[in-house]
Structures are given as structure tokens and as C-alpha cells.
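Visitor: Please find one structure pasted underneath; my questions will follow.
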Amino acid sequence: MKQKTLGLIHTSATLIPVFQELCKQYLPGVTTFNIVDDSLVRNIRERGEVTPAIYKRVADYVASAEDSGADYVLVTCSSIGAPVEAAAEKAGVPVLRVDQPMADLAVQTGKRIGVIATLQTTLQPTSDLVTRRAALAGKKIELTSIVVDGAFEALMSGDGAKHDALVADALRKLSKEVDVILLAQASMARVVDTLSDEDKIVPIVASPPNAIKYLATLINN
């Protein structure tokens, strides 16, 4: 049987080792390669929206991954979820946005769903996705979406400790109001490990492991 190949498209090089480790764990027989463009999210922030040009660039990256031999494509950034779905419709191979398996898991887990992000550009696409996946599942939900002010700026300025403290504080507060929390950005997942068991009173779900586990089910079947 021909070895399967997974193409990963990132908007930050920092996510490559995260997904490498997950692929090694859950997709041991699958070949992987990476495409990175860290200007995409910056452009969305500068322009205040996901422009037609960004839709085109994402579609081009998906087409490039397919041309490079990918049997499956995973786009690891939630901010470009809508362009990923548009590109998936035209692709000749399955294309997955990273937050879809996480959204489906949240919808199955509880009615009161919290979404947390450090960027508004990431919060909105993931919140919209959760709402659509709940409708598709025929389930009524109550969605609480919050942006952790100052956390992204702290991270960009090199103050990882401040970023982590702000996110941890927000997670503690949100945990008291919802049944499950979704992390709209993979960069926040490390903060969950710093929380005490007493603080983790509801499931806190990150997109990378759920996306790779979902792909493992897809590929192995």
C-alpha cells in the first residue's frame, strides 16, 4: 500500500514542531511536509478583514500542497478558516481546517460553550464555526466568546510569562460559566498545562491534537 502524505499549511513556523510531534504520535506511517506563510495573519490584522486576495493565497497554498503530493491537507490556523473551506470545495483531496474536529467535540460535550482567543481575527471564525457545527448537529448551544486583551501583544513583545498569566486568569473565570472551553489559538494550549486540577473544572480543548486524531481516523479507515 502506498504511503499516505499529509501537507500542513501554517501561518507561524512555531507550530511546525507541535504538529511534528503529534504526527509522530498519531500518524506514524504518514509522510508530512510543511508550507509556512507568517504574513497571512499580519495582513488580516492590517486590513481588518479576510480579503479576496487572502482567499486566493490560501487556495494557491492548498493547490500547491496537492501538487506536491499531499493526499490530505491540514491548515493549522483558525483565522483563515473561511478561505480554507472555500479552497476545500475546489481541491481534489480532503482539506481540513484545524478547528473543525475541536468544534464538533465541544458541541457533543456540552450546551454552554466558551471560546477564548488573544486575537479578534481568530475568535470570530472559530465562534462562527461552532455555531454552524451545532446547527448541523441539530443542537442548541449558548456561546460565550472572549478575547484576552493584552495577551497577544505581550507574546509578540517577548513577554511569554505575561501572556500565560493573562490567559490562565481568563480560563479560570470562563471555567465557572461554561461546560467546555475551546482554545481558538494553538499558542494558548501550553497555558492549560500550568493550571492546577482545581482550576480545570471543565474540559479545555485545543485544536492541534483533535485535528490530528481526526485525521488518523480518516486515514486509517
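Residues in the C-alpha cells are named by chain (A, B, ... in the order shown) and by number from 1 within that chain; ligands are numbered from 1 in the order shown.
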Among segment 139-198 of chain A, which residues carry a DSSP assignment of alpha helix (DSSP H), reported as a PDB file with C-alpha atoms, in the first residue's frame?
Guide:
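Everything below was put into result-v3.pdb:
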```pdb
ATOM      1  CA  ALA A 151      -2.058  38.765  25.825  1.00  0.00           C
ATOM      2  CA  PHE A 152      -1.156  38.721  22.122  1.00  0.00           C
ATOM      3  CA  GLU A 153       0.775  41.989  22.426  1.00  0.00           C
ATOM      4  CA  ALA A 154       2.683  40.566  25.419  1.00  0.00           C
ATOM      5  CA  LEU A 155       3.601  37.449  23.438  1.00  0.00           C
ATOM      6  CA  MET A 156       4.740  39.488  20.431  1.00  0.00           C
ATOM      7  CA  GLY A 160       5.558  34.979  27.385  1.00  0.00           C
ATOM      8  CA  ALA A 161       5.037  34.958  31.163  1.00  0.00           C
ATOM      9  CA  LYS A 162       2.578  37.860  30.999  1.00  0.00           C
ATOM     10  CA  HIS A 163       0.730  36.227  28.079  1.00  0.00           C
ATOM     11  CA  ASP A 164       0.419  32.966  30.012  1.00  0.00           C
ATOM     12  CA  ALA A 165      -0.736  34.702  33.213  1.00  0.00           C
ATOM     13  CA  LEU A 166      -3.440  36.689  31.385  1.00  0.00           C
ATOM     14  CA  VAL A 167      -4.722  33.616  29.536  1.00  0.00           C
ATOM     15  CA  ALA A 168      -4.678  31.480  32.711  1.00  0.00           C
ATOM     16  CA  ASP A 169      -6.698  34.097  34.593  1.00  0.00           C
ATOM     17  CA  ALA A 170      -9.256  34.265  31.771  1.00  0.00           C
ATOM     18  CA  LEU A 171      -9.526  30.458  31.654  1.00  0.00           C
ATOM     19  CA  ARG A 172     -10.199  30.287  35.405  1.00  0.00           C
ATOM     20  CA  LYS A 173     -13.027  32.833  35.120  1.00  0.00           C
ATOM     21  CA  LEU A 174     -14.578  31.316  32.000  1.00  0.00           C
ATOM     22  CA  SER A 175     -14.492  27.798  33.508  1.00  0.00           C
ATOM     23  CA  ALA A 189      -2.540  25.252  24.710  1.00  0.00           C
ATOM     24  CA  ARG A 190       0.674  25.434  26.758  1.00  0.00           C
ATOM     25  CA  VAL A 191      -1.140  27.540  29.389  1.00  0.00           C
ATOM     26  CA  VAL A 192      -3.551  24.701  30.184  1.00  0.00           C
TER      27      VAL A 192
END
```
Visitor: Excluding Leu27 of chain A and any residue of its chain fewer than 4 positions from it, enumerate the residues within 8 Å of it, using only C-alpha atoms, and give them as a JSON list (two decimals) with all heavy atoms, in the first residue's frame.
Guide:
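Saved the output as result33.json:
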```json
[["chain", "number", "residue", "atom", "x", "y", "z"],
["A", 22, "LEU", "N", 2.86, 15.60, 17.17],
["A", 22, "LEU", "CA", 1.54, 14.96, 17.13],
["A", 22, "LEU", "C", 1.46, 13.94, 15.99],
["A", 22, "LEU", "O", 0.89, 12.86, 16.15],
["A", 22, "LEU", "CB", 0.45, 16.02, 16.96],
["A", 22, "LEU", "CG", 0.14, 16.86, 18.21],
["A", 22, "LEU", "CD1", -0.67, 18.09, 17.83],
["A", 22, "LEU", "CD2", -0.59, 16.04, 19.27],
["A", 23, "CYS", "N", 2.03, 14.29, 14.84],
["A", 23, "CYS", "CA", 2.03, 13.37, 13.70],
["A", 23, "CYS", "C", 2.84, 12.11, 14.00],
["A", 23, "CYS", "O", 2.46, 11.00, 13.62],
["A", 23, "CYS", "CB", 2.56, 14.06, 12.45],
["A", 23, "CYS", "SG", 1.43, 15.29, 11.76],
["A", 212, "ILE", "N", -5.37, 16.18, 14.53],
["A", 212, "ILE", "CA", -4.51, 15.05, 14.13],
["A", 212, "ILE", "C", -5.19, 13.70, 14.46],
["A", 212, "ILE", "O", -5.13, 12.76, 13.65],
["A", 212, "ILE", "CB", -3.11, 15.15, 14.79],
["A", 212, "ILE", "CG1", -2.38, 16.40, 14.30],
["A", 212, "ILE", "CG2", -2.29, 13.90, 14.52],
["A", 212, "ILE", "CD1", -2.12, 16.46, 12.80],
["A", 216, "ALA", "N", -6.16, 10.88, 11.76],
["A", 216, "ALA", "CA", -5.72, 9.48, 11.94],
["A", 216, "ALA", "C", -6.89, 8.53, 11.69],
["A", 216, "ALA", "O", -6.73, 7.50, 11.02],
["A", 216, "ALA", "CB", -5.17, 9.28, 13.34]]
```
Visitor: Between A:Phe33, A:Tyr61, A:Tyr72, A:Tyr26, which one has atoms that come closest to Lys4 of chain A, using only C-alpha atoms?
Guide: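 Of the candidates, the smallest distance to Lys4 of chain A is held by A:Tyr72.
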Visitor: Any chance you could list, as a list in words, the residues in segment 145-203 of chain A that come up strand (DSSP E) when DSSP is run on the backbone?
Guide: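 Checking each residue of segment 145-203 of chain A, the strand (DSSP E) ones are Ser145, Ile146, Val147, Val180, Ile181, Leu182 and Leu183 of chain A.
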Visitor: Grab the residues selected above and save them as an mmCIF file, in the first residue's frame with C-alpha atoms.
Guide:
```cif
data_model
loop_
_atom_site.group_PDB
_atom_site.id
_atom_site.type_symbol
_atom_site.label_atom_id
_atom_site.label_comp_id
_atom_site.auth_asym_id
_atom_site.auth_seq_id
_atom_site.Cartn_x
_atom_site.Cartn_y
_atom_site.Cartn_z
ATOM 1 C CA SER A 145 -16.684 34.253 23.218
ATOM 2 C CA ILE A 146 -13.899 36.284 24.836
ATOM 3 C CA VAL A 147 -10.677 37.965 23.740
ATOM 4 C CA VAL A 180 -16.438 23.254 27.837
ATOM 5 C CA ILE A 181 -13.809 25.740 26.613
ATOM 6 C CA LEU A 182 -12.284 25.892 23.142
ATOM 7 C CA LEU A 183 -8.868 27.459 22.626
#
```
Visitor: Which value, in Å to one decimal, gives the distance between atom CA of Val41 of chain A and atom CA of Val95 of chain A?
Guide: 19.5 Å
Visitor: Residues of segment 67-141 of chain A that have any atom at most 9 Å from an atom of segment 202-207 of chain A: could you tabulate them with the shortest-distance atom pair and the distance in Å to one decimal, using only C-alpha atoms, ordered by chain and increasing number, as CSV?
Guide:
```
residue,atom,partner,partner_atom,distance
A:Thr76,CA,A:Ser207,CA,8.5
A:Ser78,CA,A:Ser207,CA,9.0
A:Val98,CA,A:Ser207,CA,6.0
A:Asp99,CA,A:Ser207,CA,5.2
A:Gln100,CA,A:Ser207,CA,8.0
A:Pro101,CA,A:Ser207,CA,7.4
A:Met102,CA,A:Ser207,CA,5.4
A:Ala103,CA,A:Ser207,CA,8.5
A:Leu105,CA,A:Val205,CA,8.5
A:Ala106,CA,A:Val205,CA,7.8
A:Thr109,CA,A:Pro203,CA,8.6
```
Visitor: Do you know which residues are at most 9 Å from Thr121 of chain A counting only C-alpha atoms, after dropping those on the same chain fewer than 4 positions away, and could you put them as a ChimeraX atom specification?
Guide: /A:41,44-45,48-50,78-80,117,125
Visitor: List as JSON lines every residue of segment 74-171 of chain A that is in contact with segment 10-18 of chain A, defined as an atom at most 9 Å from one of its atoms (using only C-alpha atoms), together with the nearest atom pair and the distance in Å rounded to one decimal, sorted by chain and then rising number.
Guide:
```
{"residue": "A:Leu74", "atom": "CA", "partner": "A:His10", "partner_atom": "CA", "distance": 8.7}
{"residue": "A:Val75", "atom": "CA", "partner": "A:His10", "partner_atom": "CA", "distance": 6.2}
{"residue": "A:Thr76", "atom": "CA", "partner": "A:His10", "partner_atom": "CA", "distance": 5.3}
{"residue": "A:Cys77", "atom": "CA", "partner": "A:Thr11", "partner_atom": "CA", "distance": 6.2}
```
Visitor: Restrict the selected residues to C-alpha atoms and save them as a PDB file, in the first residue's frame.
Guide:
```
ATOM      1  CA  LEU A  74      -4.437  20.365   7.111  1.00  0.00           C
ATOM      2  CA  VAL A  75      -4.449  24.145   7.564  1.00  0.00           C
ATOM      3  CA  THR A  76      -3.340  24.851  11.128  1.00  0.00           C
ATOM      4  CA  CYS A  77      -4.555  28.462  11.557  1.00  0.00           C
TER       5      CYS A  77
END
```
Visitor: One number please: atom CA of Ser68 of chain A to atom CA of Ala88 of chain A, in Å, one decimal.
Guide: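 Between atom CA of Ser68 of chain A and atom CA of Ala88 of chain A the gap works out to 16.1 Å.
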